[in-house]
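Next comes start_19.txt, with compact mmCIF, C-alpha atoms and all ligand atoms.
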# COMPACT_ATOMS: atom_id res chain seq x y z
CA MET A 1 2.06 -15.39 -3.43
CA LYS A 2 2.53 -13.06 -6.32
CA ALA A 3 -0.90 -13.88 -7.67
CA LYS A 4 -2.49 -13.05 -4.36
CA ILE A 5 -0.82 -9.69 -4.20
CA LYS A 6 -2.07 -8.95 -7.66
CA GLU A 7 -5.58 -9.80 -6.63
CA ALA A 8 -5.22 -7.37 -3.78
CA GLY A 9 -4.12 -4.69 -6.21
CA ASP A 10 -7.09 -5.35 -8.41
CA ALA A 11 -9.38 -4.82 -5.47
CA ILE A 12 -8.33 -1.21 -4.98
CA PRO A 13 -10.53 0.57 -7.52
CA ALA A 14 -13.68 -1.40 -6.76
CA LYS A 15 -13.60 -0.91 -3.02
CA THR A 16 -12.35 2.62 -2.67
CA ASN A 17 -14.81 5.45 -2.47
CA ILE A 18 -12.69 8.45 -3.28
CA GLN A 19 -14.55 11.42 -4.62
CA THR A 20 -14.77 11.92 -8.33
CA PHE A 21 -11.70 12.97 -10.20
CA SER A 22 -11.38 16.73 -10.59
CA GLU A 23 -10.62 18.06 -14.05
CA ARG A 24 -8.13 20.64 -12.90
CA THR A 25 -5.71 18.07 -11.52
CA VAL A 26 -5.20 16.24 -14.82
CA PRO A 27 -2.46 18.41 -16.30
CA MET A 28 -0.69 18.56 -12.94
CA ILE A 29 1.13 15.27 -13.47
CA PRO A 30 4.48 16.52 -14.77
CA ALA A 31 5.00 15.69 -18.41
CA ASP A 32 8.49 14.33 -17.84
CA GLN A 33 7.10 11.74 -15.46
CA GLN A 34 4.88 10.31 -18.14
CA GLU A 35 7.87 9.07 -20.09
CA CYS A 36 9.16 5.56 -19.64
CA THR A 37 12.40 6.60 -17.99
CA PRO A 38 13.51 4.80 -14.82
CA ARG A 39 13.20 7.15 -11.86
CA PRO A 40 15.97 7.69 -9.31
CA GLU A 41 15.56 6.54 -5.75
CA HIS A 42 13.94 8.91 -3.29
CA PRO A 43 15.62 10.03 -0.09
CA PRO A 44 14.47 8.29 3.11
CA GLU A 45 11.15 9.44 4.54
CA ARG A 46 10.92 11.91 7.38
CA ARG A 47 8.97 11.75 10.56
CA GLY A 48 5.66 13.60 10.77
CA VAL A 49 2.59 13.61 12.96
CA SER A 50 0.14 12.64 10.24
CA ARG A 51 1.92 9.33 9.72
CA SER A 52 1.03 8.01 13.15
CA ARG A 53 -2.60 8.89 12.50
CA VAL A 54 -2.57 6.81 9.33
CA ILE A 55 -1.02 3.91 11.22
CA GLU A 56 -3.54 4.11 14.07
CA ALA A 57 -6.43 4.36 11.62
CA ALA A 58 -5.27 1.26 9.74
CA LYS A 59 -4.87 -0.73 12.96
CA GLU A 60 -8.35 0.24 14.00
CA ALA A 61 -9.98 -0.36 10.63
CA VAL A 62 -8.45 -3.66 9.53
CA PRO A 63 -8.39 -6.73 11.79
CA VAL A 64 -5.25 -8.81 11.34
CA VAL A 65 -7.37 -11.85 10.47
CA ASP A 66 -8.90 -9.99 7.51
CA LEU A 67 -5.50 -9.21 6.00
CA ALA A 68 -4.27 -12.74 6.78
CA ASP A 69 -7.30 -14.16 5.01
CA LEU A 70 -6.64 -11.98 1.98
CA LEU A 71 -2.99 -12.99 1.84
CA VAL A 72 -3.46 -16.69 2.50
CA GLY A 73 -6.38 -16.95 0.11
CA ALA A 74 -9.93 -18.20 0.42
CA GLY A 75 -10.18 -21.28 2.63
CA GLY A 76 -6.50 -21.18 3.52
CA LEU A 77 -7.04 -20.42 7.20
CA LYS A 78 -8.54 -23.11 9.44
CA ARG A 79 -9.94 -22.61 12.88
CA LEU A 80 -7.92 -24.34 15.60
CA GLY A 81 -9.13 -23.54 19.09
CA ALA A 82 -8.90 -19.82 19.63
CA GLU A 83 -6.70 -19.29 16.57
CA TRP A 84 -6.71 -19.43 12.80
CA VAL A 85 -3.93 -21.51 11.27
CA GLY A 86 -2.62 -21.74 7.74
CA ARG A 87 0.45 -21.73 5.54
CA CYS A 88 2.58 -18.64 5.95
CA PRO A 89 1.75 -16.11 3.20
CA LEU A 90 4.93 -14.08 3.59
CA PRO A 91 6.90 -13.96 0.34
CA ASP A 92 10.22 -15.23 1.64
CA HIS A 93 8.87 -18.17 3.62
CA GLU A 94 7.99 -21.35 1.75
CA ASP A 95 5.79 -22.96 4.36
CA ARG A 96 5.13 -26.68 3.83
CA THR A 97 3.32 -27.25 7.11
CA PRO A 98 0.86 -24.69 8.42
CA SER A 99 3.04 -22.54 10.69
CA PHE A 100 1.16 -19.30 10.44
CA THR A 101 -1.28 -18.46 13.22
CA VAL A 102 -3.66 -15.60 13.84
CA ASN A 103 -5.20 -14.84 17.19
CA PRO A 104 -8.30 -12.76 16.44
CA GLU A 105 -8.89 -11.88 20.06
CA LYS A 106 -5.41 -10.44 20.57
CA ASN A 107 -5.49 -9.19 16.96
CA LEU A 108 -1.96 -10.51 16.39
CA PHE A 109 -0.27 -13.01 14.09
CA TRP A 110 2.70 -15.29 14.65
CA CYS A 111 4.56 -17.62 12.30
CA PHE A 112 6.37 -20.54 13.93
CA GLY A 113 8.34 -21.09 10.74
CA CYS A 114 9.89 -17.72 10.03
CA LEU A 115 9.47 -16.47 13.59
CA ARG A 116 7.75 -13.27 12.60
CA GLY A 117 4.71 -11.83 14.24
CA GLY A 118 2.94 -8.67 15.24
CA ASP A 119 -0.09 -6.60 14.41
CA VAL A 120 -1.84 -5.97 11.11
CA ILE A 121 0.64 -3.26 10.13
CA GLU A 122 3.57 -5.61 10.61
CA LEU A 123 1.83 -8.26 8.53
CA ALA A 124 1.22 -5.74 5.74
CA ARG A 125 4.79 -4.55 5.96
CA PHE A 126 6.25 -8.07 5.68
CA ALA A 127 3.80 -9.16 3.00
CA TRP A 128 4.29 -6.14 0.75
CA GLY A 129 8.00 -5.67 1.33
CA TYR A 130 8.07 -2.40 3.26
CA GLY A 131 11.03 -1.59 5.49
CA LYS A 132 10.83 -0.62 9.15
CA SER A 133 10.88 3.06 8.26
CA GLU A 134 7.98 2.65 5.85
CA VAL A 135 5.20 1.59 8.19
CA ALA A 136 3.07 4.56 7.23
CA MET A 137 3.12 3.59 3.57
CA ALA A 138 2.15 0.05 4.52
CA ALA A 139 -0.67 1.43 6.66
CA ALA A 140 -1.91 3.72 3.88
CA LEU A 141 -1.95 0.87 1.40
CA LEU A 142 -3.76 -1.30 3.93
CA LEU A 143 -6.50 1.31 4.30
CA ARG A 144 -6.87 1.52 0.54
CA GLU A 145 -6.93 -2.25 0.13
CA PHE A 146 -9.88 -2.52 2.46
CA GLY A 147 -11.77 0.45 1.07
CA HIS A 148 -11.10 2.97 3.83
CA GLU A 149 -10.14 6.58 3.34
CA LEU A 150 -6.93 7.97 4.77
CA PRO A 151 -7.74 9.89 7.98
CA ALA A 152 -6.30 13.20 6.78
CA ARG A 153 -4.56 14.56 3.75
CA PRO A 154 -1.08 13.25 4.47
CA ASP A 155 0.91 16.31 3.55
CA SER A 156 4.45 15.97 4.83
CA TRP A 157 5.17 12.25 4.74
CA PHE A 158 3.11 11.35 1.76
CA GLY A 159 5.09 13.62 -0.46
CA LYS A 160 8.50 12.44 0.62
CA ASN A 161 8.64 8.92 1.82
CA ALA A 162 8.35 6.58 -1.11
CA ARG A 163 11.32 4.70 -2.32
CA GLN A 164 10.95 3.46 -5.81
CA ALA A 165 11.27 -0.17 -6.72
CA PRO A 166 14.42 -1.24 -8.54
CA VAL A 167 14.68 -0.37 -12.22
CA ARG A 168 12.88 -2.85 -14.45
CA ALA A 169 12.72 -3.64 -18.12
CA ALA A 170 11.62 -0.58 -20.05
CA ALA A 171 8.74 -2.18 -21.94
CA GLU A 172 7.18 -3.67 -18.84
CA GLU A 173 7.68 -0.42 -17.01
CA CYS A 174 5.90 1.45 -19.77
CA ARG A 175 2.85 -0.79 -19.58
CA LYS A 176 2.73 -0.50 -15.81
CA ARG A 177 3.15 3.25 -15.94
CA ALA A 178 -0.05 3.55 -17.96
CA PHE A 179 -1.88 1.58 -15.28
CA ARG A 180 -0.42 3.71 -12.50
CA ARG A 181 -1.31 6.93 -14.24
CA ARG A 182 -4.87 5.79 -14.78
CA THR A 183 -5.38 4.63 -11.20
CA PHE A 184 -3.71 7.73 -9.82
CA ARG A 185 -6.16 9.91 -11.73
CA VAL A 186 -9.16 7.95 -10.57
CA LEU A 187 -8.18 7.30 -6.96
CA MET A 188 -5.71 9.88 -5.81
CA ALA A 189 -5.57 13.14 -7.75
CA ALA A 190 -8.75 14.75 -6.44
CA TYR A 191 -8.06 13.45 -2.96
CA VAL A 192 -4.62 15.02 -2.80
CA ALA A 193 -5.85 18.29 -4.29
CA ARG A 194 -8.62 18.66 -1.74
CA GLY A 195 -8.39 21.92 0.17
CA ILE A 196 -5.37 23.30 -1.69
CA GLU A 197 -5.95 26.68 -3.28
CA ASP A 198 -2.43 27.74 -4.16
CA GLU A 199 -1.50 26.60 -7.65
CA ASP A 200 2.20 25.99 -6.92
CA GLU A 201 1.47 24.05 -3.78
CA LEU A 202 -1.06 21.97 -5.68
CA ARG A 203 1.50 21.19 -8.35
CA ARG A 204 4.05 20.13 -5.74
CA GLU A 205 1.57 17.97 -3.84
CA ILE A 206 0.25 16.25 -6.94
CA SER A 207 3.76 15.65 -8.18
CA ALA A 208 4.89 14.20 -4.87
CA ALA A 209 1.77 12.07 -4.46
CA TRP A 210 2.21 10.77 -7.99
CA GLU A 211 5.73 9.63 -7.15
CA ASP A 212 4.48 7.87 -4.03
CA TRP A 213 1.58 6.30 -5.85
CA GLN A 214 3.96 4.80 -8.38
CA GLY A 215 6.19 3.52 -5.61
CA ALA A 216 3.27 1.93 -3.78
CA LEU A 217 1.94 0.20 -6.89
CA ARG A 218 5.38 -1.07 -7.81
CA ARG A 219 5.59 -2.80 -4.48
CA ILE A 220 2.50 -4.83 -5.24
CA GLY A 221 3.78 -5.60 -8.68
CA ARG A 222 1.71 -3.17 -10.71
ZN ZN B 301 6.36 -17.56 8.03

Just give me the structure of the file as structure tokens.
Ligand SMILES: [Zn+2]
Amino acid sequence: MKAKIKEAGDAIPAKTNIQTFSERTVPMIPADQQECTPRPEHPPERRGVSRSRVIEAAKEAVPVVDLADLLVGAGGLKRLGAEWVGRCPLPDHEDRTPSFTVNPEKNLFWCFGCLRGGDVIELARFAWGYGKSEVAMAAALLLREFGHELPARPDSWFGKNARQAPVRAAAEECRKRAFRRRTFRVLMAAYVARGIEDEDELRREISAAWEDWQGALRRIGR
């Protein structure tokens, strides 16, 4: 399971067509956040209109069978009547018999083993370890995984809703931080900065997005 999630993470840069990184956003990542110090947990996310747009966009853009196929792995899903069947890819279910089913017509999944089911967002949430209050983050990551852009610059929620993964060994964290910083620069910095003229606002947005980006990558083990 872990290996599959990593593969998914690797797919982000190749498939995403974010505009080129803008020079002026480079120094905006606060210097103190480039150190290898464990970060404190963030407060819970707040509700905002742009979050539901991200969720709707992800539901529309990514069929549940596509995510299931990614999670289960190539050849892992077999056609059985109207459904696809395979071993459950969810991290806390060790599925010996194929219990995991996807109905492409209804665009829903159901696992007879762990009794979980739902739409593509729910599958992403379970697979990547997001809580019920973090559906928008799961949806945003889903869009990125499949090479889609977020529908709008997610101002309010994107800056506030990430909870950081538990503190890890400092050396490992340091290596991962370099990866996060690099991918943030390439994929996110220019995107977040788009349309912001005010320098202070830009600094705040970049800083907040950087925190969220780290949180999101931590969840997929990067
Ligand atoms: Zn299951």

For chain A against ligand ZN 301 (chain B), with a cut-off of 8 Å and counting all atoms listed in the file, what is the closest atom pair and its distance in Å to one decimal for every residue that makes the cut, ordered by chain and number, as CSV?
residue,atom,partner,partner_atom,distance
A:Arg87,CA,B:ZN301,ZN,7.6
A:Cys88,CA,B:ZN301,ZN,4.4
A:Pro89,CA,B:ZN301,ZN,6.8
A:Leu90,CA,B:ZN301,ZN,5.8
A:Asp92,CA,B:ZN301,ZN,7.8
A:His93,CA,B:ZN301,ZN,5.1
A:Glu94,CA,B:ZN301,ZN,7.5
A:Asp95,CA,B:ZN301,ZN,6.6
A:Ser99,CA,B:ZN301,ZN,6.5
A:Phe100,CA,B:ZN301,ZN,6.0
A:Trp110,CA,B:ZN301,ZN,7.9
A:Cys111,CA,B:ZN301,ZN,4.6
A:Phe112,CA,B:ZN301,ZN,6.6
A:Gly113,CA,B:ZN301,ZN,4.9
A:Cys114,CA,B:ZN301,ZN,4.1
A:Leu115,CA,B:ZN301,ZN,6.5
A:Arg116,CA,B:ZN301,ZN,6.4

- What is the CA of Ala136 in chain A-CA of Leu202 in chain A distance in Å, reported with one decimal? 22.1 Å

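The list of residues within 7 Å of (-0.3, 4.3, 9.6), counted using only C-alpha atoms, is Arg51, Ser52, Arg53, Val54, Ile55, Glu56, Ala57, Ala58, Val135, Ala136, Met137, Ala139 and Ala140 of chain A.
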
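Excluding Arg79 in chain A itself and any same-chain residue fewer than 5 positions from it, the protein and nucleic acid residues within 10 Å of it, counting only C-alpha atoms, are Trp84, Val85, Gly86, Thr101 and Val102 of chain A.
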
Please save C-alpha atoms of the selected residues as a PDB file, in the frame of the given file.
ATOM      1  CA  TRP A  84      -6.710 -19.430  12.800  1.00  0.00           C
ATOM      2  CA  VAL A  85      -3.930 -21.510  11.270  1.00  0.00           C
ATOM      3  CA  GLY A  86      -2.620 -21.740   7.740  1.00  0.00           C
ATOM      4  CA  THR A 101      -1.280 -18.460  13.220  1.00  0.00           C
ATOM      5  CA  VAL A 102      -3.660 -15.600  13.840  1.00  0.00           C
TER       6      VAL A 102
END

- Query: Smallest atom-to-atom distance to Val120 in chain A: which of A:Arg222, A:Leu70, A:Val64, A:Lys132, using only C-alpha atoms?
  - Reply: A:Val64

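Shortest atom-to-atom contact with Ala209 in chain A among A:Ala61, A:Ala189, A:Leu142, A:Leu71: A:Ala189, counting only C-alpha atoms.
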
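If all atoms listed in the file are the atoms counted, then among A:Asp66, A:Arg96, A:Glu105, A:Glu199 the closest residue to Gly81 in chain A is A:Glu105.
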
- As a check of understanding: the span from CA of Phe146 in chain A to CA of Leu80 in chain A is 25.5 Å

Completed range 48-65 of chain A (N, CA and C atoms) as a compact mmCIF listing (two decimals), in the frame of the given file:
# COMPACT_ATOMS: atom_id res chain seq x y z
N GLY A 48 6.69 12.58 10.77
CA GLY A 48 5.66 13.60 10.77
C GLY A 48 4.46 13.11 11.54
N VAL A 49 3.70 14.02 12.10
CA VAL A 49 2.59 13.61 12.96
C VAL A 49 1.51 12.85 12.21
N SER A 50 1.26 13.24 10.95
CA SER A 50 0.14 12.64 10.24
C SER A 50 0.38 11.15 9.97
N ARG A 51 1.64 10.73 9.99
CA ARG A 51 1.92 9.33 9.72
C ARG A 51 1.36 8.43 10.81
N SER A 52 1.52 8.85 12.06
CA SER A 52 1.03 8.01 13.15
C SER A 52 -0.49 7.90 13.11
N ARG A 53 -1.14 8.96 12.62
CA ARG A 53 -2.60 8.89 12.50
C ARG A 53 -3.01 7.86 11.46
N VAL A 54 -2.28 7.80 10.37
CA VAL A 54 -2.57 6.81 9.33
C VAL A 54 -2.38 5.40 9.89
N ILE A 55 -1.31 5.23 10.65
CA ILE A 55 -1.02 3.91 11.22
C ILE A 55 -2.11 3.50 12.20
N GLU A 56 -2.49 4.42 13.10
CA GLU A 56 -3.54 4.11 14.07
C GLU A 56 -4.86 3.79 13.38
N ALA A 57 -5.17 4.57 12.35
CA ALA A 57 -6.43 4.36 11.62
C ALA A 57 -6.46 2.98 10.97
N ALA A 58 -5.33 2.57 10.40
CA ALA A 58 -5.27 1.26 9.74
C ALA A 58 -5.42 0.13 10.75
N LYS A 59 -4.77 0.29 11.91
CA LYS A 59 -4.87 -0.73 12.96
C LYS A 59 -6.31 -0.88 13.42
N GLU A 60 -6.98 0.25 13.52
CA GLU A 60 -8.35 0.24 14.00
C GLU A 60 -9.31 -0.33 12.95
N ALA A 61 -9.02 -0.02 11.69
CA ALA A 61 -9.98 -0.36 10.63
C ALA A 61 -9.86 -1.79 10.12
N VAL A 62 -8.65 -2.34 10.15
CA VAL A 62 -8.45 -3.66 9.53
C VAL A 62 -7.98 -4.69 10.55
N PRO A 63 -8.83 -5.66 10.90
CA PRO A 63 -8.39 -6.73 11.79
C PRO A 63 -7.31 -7.56 11.11
N VAL A 64 -6.38 -8.04 11.90
CA VAL A 64 -5.25 -8.81 11.34
C VAL A 64 -5.75 -10.06 10.61
N VAL A 65 -6.85 -10.63 11.10
CA VAL A 65 -7.37 -11.85 10.47
C VAL A 65 -7.90 -11.55 9.06
